[in-house]
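Visitor: Here you go, this is target.txt (compact mmCIF, C-alpha atoms).
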```
# COMPACT_ATOMS: atom_id res chain seq x y z
CA MET A 230 39.36 46.50 -38.18
CA SER A 231 38.60 49.83 -36.51
CA THR A 232 34.84 49.15 -36.67
CA CYS A 233 35.09 45.66 -35.19
CA ASN A 234 32.67 44.99 -32.34
CA HIS A 235 34.30 41.60 -31.61
CA ASP A 236 31.06 39.73 -32.35
CA CYS A 237 32.36 37.21 -34.89
CA SER A 238 28.97 35.46 -35.12
CA SER A 239 27.48 38.48 -36.89
CA CYS A 240 30.45 39.30 -39.14
CA ALA A 241 31.35 37.86 -42.55
CA SER A 242 34.90 39.26 -42.66
CA LYS A 243 37.85 36.88 -42.69
CA CYS A 244 40.25 38.98 -40.66
CA GLY A 245 43.16 37.59 -38.69
CA ASP A 246 41.44 38.25 -35.37
CA ARG A 247 38.39 36.17 -36.21
CA THR A 248 37.53 33.46 -33.72
CA GLU A 249 34.91 30.74 -34.04
CA PRO A 250 32.14 30.45 -31.43
CA GLN A 251 33.21 28.20 -28.58
CA SER A 252 31.26 24.97 -28.18
CA PHE A 253 30.63 23.54 -24.72
CA LEU A 254 29.26 20.24 -26.02
CA GLU A 255 30.61 17.22 -24.15
CA ALA A 256 31.21 13.90 -25.85
CA PRO A 257 29.27 10.99 -24.38
CA HIS A 258 31.06 7.90 -23.13
CA ARG A 259 33.00 6.30 -25.96
CA LEU A 260 30.80 3.18 -25.74
CA SER A 261 27.51 5.09 -25.67
CA LYS A 262 25.16 5.38 -28.64
CA ILE A 263 22.46 8.04 -28.27
CA LYS A 264 20.39 9.31 -31.19
CA LYS A 265 18.02 11.94 -29.73
CA VAL A 266 18.03 13.95 -26.48
CA ILE A 267 14.80 15.52 -25.25
CA GLY A 268 14.62 17.76 -22.17
CA VAL A 269 11.52 17.93 -19.96
CA VAL A 270 11.43 21.29 -18.22
CA SER A 271 9.39 23.75 -16.21
CA GLY A 272 10.14 26.99 -14.45
CA LYS A 273 8.39 25.74 -11.33
CA GLY A 274 8.57 22.63 -9.19
CA GLY A 275 5.73 20.26 -8.45
CA VAL A 276 3.99 20.44 -11.81
CA GLY A 277 4.74 16.86 -12.91
CA LYS A 278 7.96 16.85 -14.95
CA SER A 279 8.93 13.40 -13.71
CA LEU A 280 5.46 12.03 -14.50
CA VAL A 281 5.63 13.39 -18.06
CA THR A 282 9.22 12.17 -18.48
CA SER A 283 8.36 8.64 -17.37
CA MET A 284 5.20 8.52 -19.51
CA LEU A 285 7.06 9.71 -22.61
CA ALA A 286 9.85 7.17 -22.05
CA THR A 287 7.29 4.41 -21.55
CA THR A 288 5.38 5.42 -24.68
CA MET A 289 8.51 5.42 -26.84
CA GLN A 290 9.54 2.04 -25.43
CA ARG A 291 6.09 0.66 -26.28
CA ARG A 292 6.54 1.94 -29.85
CA GLY A 293 9.64 -0.20 -30.26
CA HIS A 294 12.28 2.44 -29.56
CA GLN A 295 15.02 2.10 -26.96
CA ALA A 296 14.25 4.79 -24.38
CA ALA A 297 16.40 6.16 -21.58
CA VAL A 298 15.96 8.65 -18.74
CA LEU A 299 18.75 10.84 -17.39
CA ASP A 300 17.48 12.18 -14.06
CA ALA A 301 19.01 15.66 -13.85
CA ASP A 302 17.01 16.62 -10.76
CA ILE A 303 19.91 15.85 -8.42
CA THR A 304 18.44 17.25 -5.20
CA GLY A 305 14.90 15.98 -5.80
CA PRO A 306 15.20 12.73 -7.77
CA SER A 307 11.97 10.79 -8.22
CA ILE A 308 12.53 8.81 -11.42
CA PRO A 309 13.77 5.61 -9.70
CA LYS A 310 10.70 5.65 -7.45
CA VAL A 311 8.14 5.88 -10.26
CA PHE A 312 9.86 3.06 -12.16
CA GLY A 313 10.26 0.85 -9.08
CA LEU A 314 14.07 0.80 -9.21
CA ASN A 315 15.53 -0.03 -5.80
CA GLU A 316 18.93 -1.58 -6.54
CA ARG A 317 22.02 0.62 -6.77
CA ALA A 318 23.54 1.21 -10.21
CA GLN A 319 26.54 -0.96 -11.05
CA ALA A 320 29.94 -0.07 -12.42
CA GLY A 321 31.49 -2.11 -15.22
CA PRO A 322 35.14 -2.26 -16.28
CA ASP A 323 34.62 0.63 -18.71
CA GLY A 324 32.21 2.87 -16.84
CA LEU A 325 28.96 3.23 -14.94
CA LEU A 326 26.00 1.17 -16.15
CA PRO A 327 22.45 2.52 -16.07
CA SER A 328 19.74 0.60 -14.24
CA VAL A 329 17.09 -0.99 -16.43
CA THR A 330 13.34 -0.96 -15.80
CA GLU A 331 10.95 -3.85 -16.27
CA SER A 332 10.21 -2.86 -19.88
CA GLY A 333 13.86 -2.17 -20.71
CA ILE A 334 14.16 1.60 -20.21
CA GLN A 335 17.68 2.66 -19.18
CA VAL A 336 17.82 4.99 -16.17
CA MET A 337 20.51 6.92 -14.31
CA SER A 338 19.75 8.97 -11.21
CA VAL A 339 21.69 10.07 -8.15
CA ASN A 340 19.28 8.00 -6.04
CA LEU A 341 20.69 4.91 -7.74
CA LEU A 342 24.11 5.80 -6.33
CA LEU A 343 23.22 6.69 -2.74
CA GLU A 344 23.43 4.29 0.21
CA ASN A 345 19.85 5.16 1.16
CA GLU A 346 17.26 6.76 -1.13
CA THR A 347 16.30 9.23 1.62
CA ASP A 348 19.88 10.57 2.01
CA PRO A 349 19.90 14.28 1.07
CA VAL A 350 22.23 15.63 -1.61
CA VAL A 351 23.63 18.80 -0.05
CA TRP A 352 25.74 20.17 -2.88
CA ARG A 353 26.23 23.60 -4.38
CA GLY A 354 25.16 24.42 -7.93
CA PRO A 355 28.45 23.81 -9.78
CA VAL A 356 28.87 20.38 -8.15
CA ILE A 357 25.29 19.44 -9.07
CA ALA A 358 25.84 20.58 -12.65
CA GLY A 359 29.06 18.54 -12.76
CA ALA A 360 27.18 15.42 -11.63
CA VAL A 361 24.67 15.83 -14.44
CA LYS A 362 27.51 16.19 -16.92
CA GLN A 363 29.06 12.96 -15.61
CA PHE A 364 25.77 11.11 -16.16
CA TRP A 365 26.34 11.95 -19.83
CA THR A 366 30.10 11.39 -20.09
CA ASP A 367 30.70 8.51 -17.66
CA VAL A 368 27.60 6.32 -18.09
CA ILE A 369 27.47 3.72 -20.86
CA TRP A 370 24.14 4.24 -22.63
CA SER A 371 23.49 1.33 -25.00
CA ASP A 372 21.86 2.00 -28.38
CA VAL A 373 19.45 4.67 -27.10
CA ASP A 374 16.96 6.05 -29.61
CA TYR A 375 15.39 8.65 -27.29
CA MET A 376 16.92 9.94 -24.07
CA PHE A 377 14.64 12.05 -21.88
CA VAL A 378 16.32 14.41 -19.42
CA ASP A 379 14.18 15.11 -16.35
CA MET A 380 15.23 18.65 -15.40
CA PRO A 381 15.05 20.38 -12.01
CA PRO A 382 12.76 23.42 -11.88
CA GLY A 383 13.96 26.85 -12.91
CA THR A 384 16.55 28.24 -15.29
CA GLY A 385 19.71 27.83 -13.23
CA ASP A 386 22.95 25.83 -13.35
CA VAL A 387 21.57 22.42 -14.34
CA PRO A 388 19.32 23.49 -17.25
CA ILE A 389 22.13 25.68 -18.60
CA THR A 390 24.57 22.77 -18.29
CA VAL A 391 22.21 20.41 -20.10
CA PHE A 392 21.45 22.86 -22.90
CA GLN A 393 25.11 23.74 -23.44
CA CYS A 394 26.82 20.38 -22.85
CA LEU A 395 24.32 17.89 -24.28
CA PRO A 396 23.11 17.90 -27.91
CA VAL A 397 19.48 18.61 -26.98
CA ASP A 398 17.14 18.10 -29.94
CA GLY A 399 14.15 19.73 -28.28
CA ILE A 400 12.29 20.30 -25.03
CA VAL A 401 8.85 19.57 -23.63
CA ILE A 402 7.49 22.16 -21.20
CA VAL A 403 5.23 21.05 -18.34
CA THR A 404 2.73 23.40 -16.74
CA SER A 405 -0.52 23.43 -14.76
CA PRO A 406 -3.68 25.54 -15.15
CA GLN A 407 -2.84 28.34 -12.67
CA ASP A 408 -2.00 31.82 -13.98
CA LEU A 409 1.27 31.87 -12.00
CA VAL A 410 2.59 28.76 -13.73
CA GLY A 411 1.55 30.18 -17.10
CA MET A 412 3.86 33.10 -16.46
CA ILE A 413 6.66 30.67 -15.62
CA VAL A 414 6.13 28.91 -18.98
CA GLY A 415 7.21 32.12 -20.68
CA LYS A 416 10.53 32.00 -18.86
CA ALA A 417 11.17 28.42 -20.02
CA VAL A 418 10.25 29.28 -23.62
CA LYS A 419 12.50 32.32 -23.67
CA MET A 420 15.41 30.39 -22.18
CA ALA A 421 15.02 27.77 -24.92
CA GLU A 422 15.02 30.53 -27.54
CA MET A 423 18.17 32.07 -26.08
CA LEU A 424 19.95 28.71 -26.31
CA ASN A 425 18.50 27.77 -29.73
CA VAL A 426 16.62 24.73 -28.49
CA PRO A 427 13.25 24.03 -30.17
CA VAL A 428 10.11 23.63 -28.04
CA LEU A 429 8.41 20.41 -29.15
CA GLY A 430 5.30 20.59 -27.02
CA LEU A 431 3.47 21.82 -23.96
CA VAL A 432 1.84 19.57 -21.36
CA GLU A 433 -0.75 20.83 -18.87
CA ASN A 434 -0.72 18.47 -15.89
CA MET A 435 -3.58 18.33 -13.32
CA SER A 436 -5.70 19.85 -16.07
CA TYR A 437 -9.00 18.33 -14.99
CA PHE A 438 -10.66 15.58 -12.95
CA ARG A 439 -13.11 13.22 -14.60
CA CYS A 440 -15.89 12.10 -12.28
CA PRO A 441 -15.92 8.28 -12.15
CA ASP A 442 -19.71 8.27 -11.69
CA CYS A 443 -21.00 10.66 -14.37
CA GLY A 444 -17.92 11.02 -16.57
CA GLU A 445 -18.06 14.82 -16.46
CA LYS A 446 -14.80 16.81 -16.47
CA HIS A 447 -14.18 19.21 -13.57
CA GLU A 448 -11.40 21.82 -13.89
CA ILE A 449 -10.44 21.95 -10.23
CA PHE A 450 -7.56 24.41 -10.63
CA GLY A 451 -9.46 26.67 -13.01
CA ALA A 452 -10.09 26.74 -16.72
CA SER A 453 -7.40 25.25 -18.93
CA ARG A 454 -4.97 27.79 -20.36
CA ILE A 455 -2.99 25.43 -22.55
CA GLY A 456 -4.56 26.58 -25.80
CA GLU A 457 -3.90 30.21 -24.92
CA LEU A 458 -0.29 29.51 -23.92
CA ALA A 459 0.39 27.36 -26.97
CA ALA A 460 -0.89 30.11 -29.26
CA GLN A 461 1.00 32.82 -27.39
CA TYR A 462 4.34 31.03 -27.73
CA HIS A 463 3.67 29.43 -31.15
CA ILE A 464 3.76 25.85 -29.87
CA ASP A 465 1.85 23.55 -32.21
CA THR A 466 1.61 20.42 -30.02
CA SER A 467 0.01 20.20 -26.60
CA ALA A 468 -1.48 17.66 -24.21
CA ARG A 469 -3.68 17.71 -21.12
CA LEU A 470 -3.12 15.23 -18.29
CA PRO A 471 -5.93 14.60 -15.81
CA MET A 472 -5.81 14.37 -12.05
CA ASP A 473 -6.15 10.60 -11.98
CA PRO A 474 -5.83 8.56 -8.77
CA LYS A 475 -4.77 5.58 -10.89
CA LEU A 476 -1.74 7.49 -12.22
CA ALA A 477 -0.79 8.59 -8.71
CA LYS A 478 -1.04 5.02 -7.43
CA LEU A 479 1.10 3.69 -10.28
CA CYS A 480 3.80 6.28 -9.46
CA ASP A 481 3.68 5.49 -5.74
CA ASN A 482 3.98 1.77 -6.44
CA GLY A 483 6.77 2.12 -9.02
CA MET A 484 4.56 0.84 -11.83
CA ILE A 485 4.26 3.81 -14.18
CA GLU A 486 5.07 1.53 -17.13
CA GLN A 487 1.59 0.05 -16.71
CA PHE A 488 -0.29 3.32 -17.28
CA GLU A 489 -3.20 3.29 -19.72
CA GLY A 490 -4.32 6.34 -21.68
CA GLU A 491 -3.64 8.18 -24.92
CA TRP A 492 -3.10 11.67 -23.46
CA ILE A 493 0.43 12.12 -24.81
CA GLU A 494 0.27 10.15 -28.06
CA HIS A 495 0.31 13.29 -30.25
CA LEU A 496 3.27 14.62 -28.28
CA ALA A 497 5.08 11.31 -28.76
CA ASP A 498 4.43 11.66 -32.51
CA LYS A 499 6.13 15.06 -32.41
CA VAL A 500 9.09 13.67 -30.49
CA GLU A 501 9.52 10.97 -33.12
CA ARG A 502 9.82 13.69 -35.76
CA ALA A 503 12.35 15.74 -33.76
```
Take the structure I supplied and represent it as structure tokens, if you would.
Guide:
Amino acid sequence: MSTCNHDCSSCASKCGDRTEPQSFLEAPHRLSKIKKVIGVVSGKGGVGKSLVTSMLATTMQRRGHQAAVLDADITGPSIPKVFGLNERAQAGPDGLLPSVTESGIQVMSVNLLLENETDPVVWRGPVIAGAVKQFWTDVIWSDVDYMFVDMPPGTGDVPITVFQCLPVDGIVIVTSPQDLVGMIVGKAVKMAEMLNVPVLGLVENMSYFRCPDCGEKHEIFGASRIGELAAQYHIDTSARLPMDPKLAKLCDNGMIEQFEGEWIEHLADKVERA
């Protein structure tokens, strides 16, 4: 047609030149069974994505679901450390097998494939994105109810690869109280909107410190902004994580599955409804 703008997604005509939108979704390994995929993201590093990922996976496992973690932070993997996984992942006759934590959570991370956990991964973006894709296509994930994808910071190659190649059912955004990080939340929300991925919840890490003597909360990094951010971006579920030495010690000792606290229970409820 002379008025055609070549945007078939916005046109109802059935002309001969019509093309369907191209899908980049990759099929998982033929032996994998994965029901839901949830991304854990932030536009900035160091805000606690791996902590939130591991706590969500642990919570879902405690609720009787089979949880899994795909560590997509290839150059800064920390998931094996917080779960206390030290052995290298094994390959079976049909594909790569994820490591399994003490409570039964399935995990795949580049640190489970390296000779030494301190060896750097010096790869360019497309190679890193390809590795993440292989964690989906080449690993045999067994009867997973909820897979959590621990993303690297930012909106670059890996998040785009995950959003386009994996059937992501929703994302959880992690932030901290500072104004700068609040601005970065907007970038993550808008990227999710561009790629038609729903935002399930917002987590403010390092939100406060509770004095062990008097029990009073102290907002060390400034007043919480999570309510303001949730309202601004129309996010109906949020959670605040404290600065808790016990949590830090559990992560350092690879014992995050032993954490105690109900900070993310409402968020876990939302994930179950995703």
Visitor: Using only C-alpha atoms, which residue out of A:Gly313, A:Pro257, A:Gly272, A:Pro306 lies closest to A:Met412?
Guide: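 For A:Met412, the nearest of the candidates is A:Gly272.
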Visitor: Please provide as an MDAnalysis selection string all residues within 8 Å of stretch 309-311 of chain A, with the sequence filter that same-chain residues fewer than 3 positions apart are discarded (counting only C-alpha atoms).
Guide: chainID A and resid 280 283 306 314:315 336 338 340:341 479:485
Visitor: What would the file look like if the residues just selected were written as a PDB file, in the coordinates of the input with C-alpha atoms?
Guide:
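Contents of the output file again-v2.pdb:
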```pdb
ATOM      1  CA  LEU A 280       5.460  12.030 -14.500  1.00  0.00           C
ATOM      2  CA  SER A 283       8.360   8.640 -17.370  1.00  0.00           C
ATOM      3  CA  PRO A 306      15.200  12.730  -7.770  1.00  0.00           C
ATOM      4  CA  LEU A 314      14.070   0.800  -9.210  1.00  0.00           C
ATOM      5  CA  ASN A 315      15.530  -0.030  -5.800  1.00  0.00           C
ATOM      6  CA  VAL A 336      17.820   4.990 -16.170  1.00  0.00           C
ATOM      7  CA  SER A 338      19.750   8.970 -11.210  1.00  0.00           C
ATOM      8  CA  ASN A 340      19.280   8.000  -6.040  1.00  0.00           C
ATOM      9  CA  LEU A 341      20.690   4.910  -7.740  1.00  0.00           C
ATOM     10  CA  LEU A 479       1.100   3.690 -10.280  1.00  0.00           C
ATOM     11  CA  CYS A 480       3.800   6.280  -9.460  1.00  0.00           C
ATOM     12  CA  ASP A 481       3.680   5.490  -5.740  1.00  0.00           C
ATOM     13  CA  ASN A 482       3.980   1.770  -6.440  1.00  0.00           C
ATOM     14  CA  GLY A 483       6.770   2.120  -9.020  1.00  0.00           C
ATOM     15  CA  MET A 484       4.560   0.840 -11.830  1.00  0.00           C
ATOM     16  CA  ILE A 485       4.260   3.810 -14.180  1.00  0.00           C
TER      17      ILE A 485
END
```
Visitor: Could you jot down the atom CA of A:Ile357 to atom CA of A:Glu316 separation for me, Å, one decimal place?
Guide: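 Atom CA of A:Glu316 lies at a distance of 22.1 Å from atom CA of A:Ile357.
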Visitor: Excluding stretch 487-493 of chain A and its own-chain neighbours fewer than 6 positions away, which residues fall within 9 Å of it when counting only C-alpha atoms? Please give them as a list in words.
Guide: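 Contacts, with the query itself left out: Val281, Met284, Leu285, Thr287, Thr288, Val432, Ser467, Ala468, Arg469, Leu470, Pro471, Lys475, Leu476 and Leu479 of chain A.
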Visitor: Which one of A:Val387, A:Val368, A:Val397, A:Val403 sits closest to A:Gly321 if you count all atoms listed in the file?
Guide: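 Of the candidates, the smallest distance to A:Gly321 is held by A:Val368.
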Visitor: Could you list, as a short mmCIF file (atom, residue, chain, number, x, y, z; two decimals) with C-alpha atoms, keeping the file's coordinate frame, every residue within 6 Å of A:Leu326, counting only C-alpha atoms and ignoring same-chain residues fewer than 4 positions away?
Guide:
```
data_model
loop_
_atom_site.label_atom_id
_atom_site.label_comp_id
_atom_site.auth_asym_id
_atom_site.auth_seq_id
_atom_site.Cartn_x
_atom_site.Cartn_y
_atom_site.Cartn_z
CA GLN A 319 26.54 -0.96 -11.05
CA ALA A 320 29.94 -0.07 -12.42
CA VAL A 368 27.60 6.32 -18.09
CA ILE A 369 27.47 3.72 -20.86
#
```
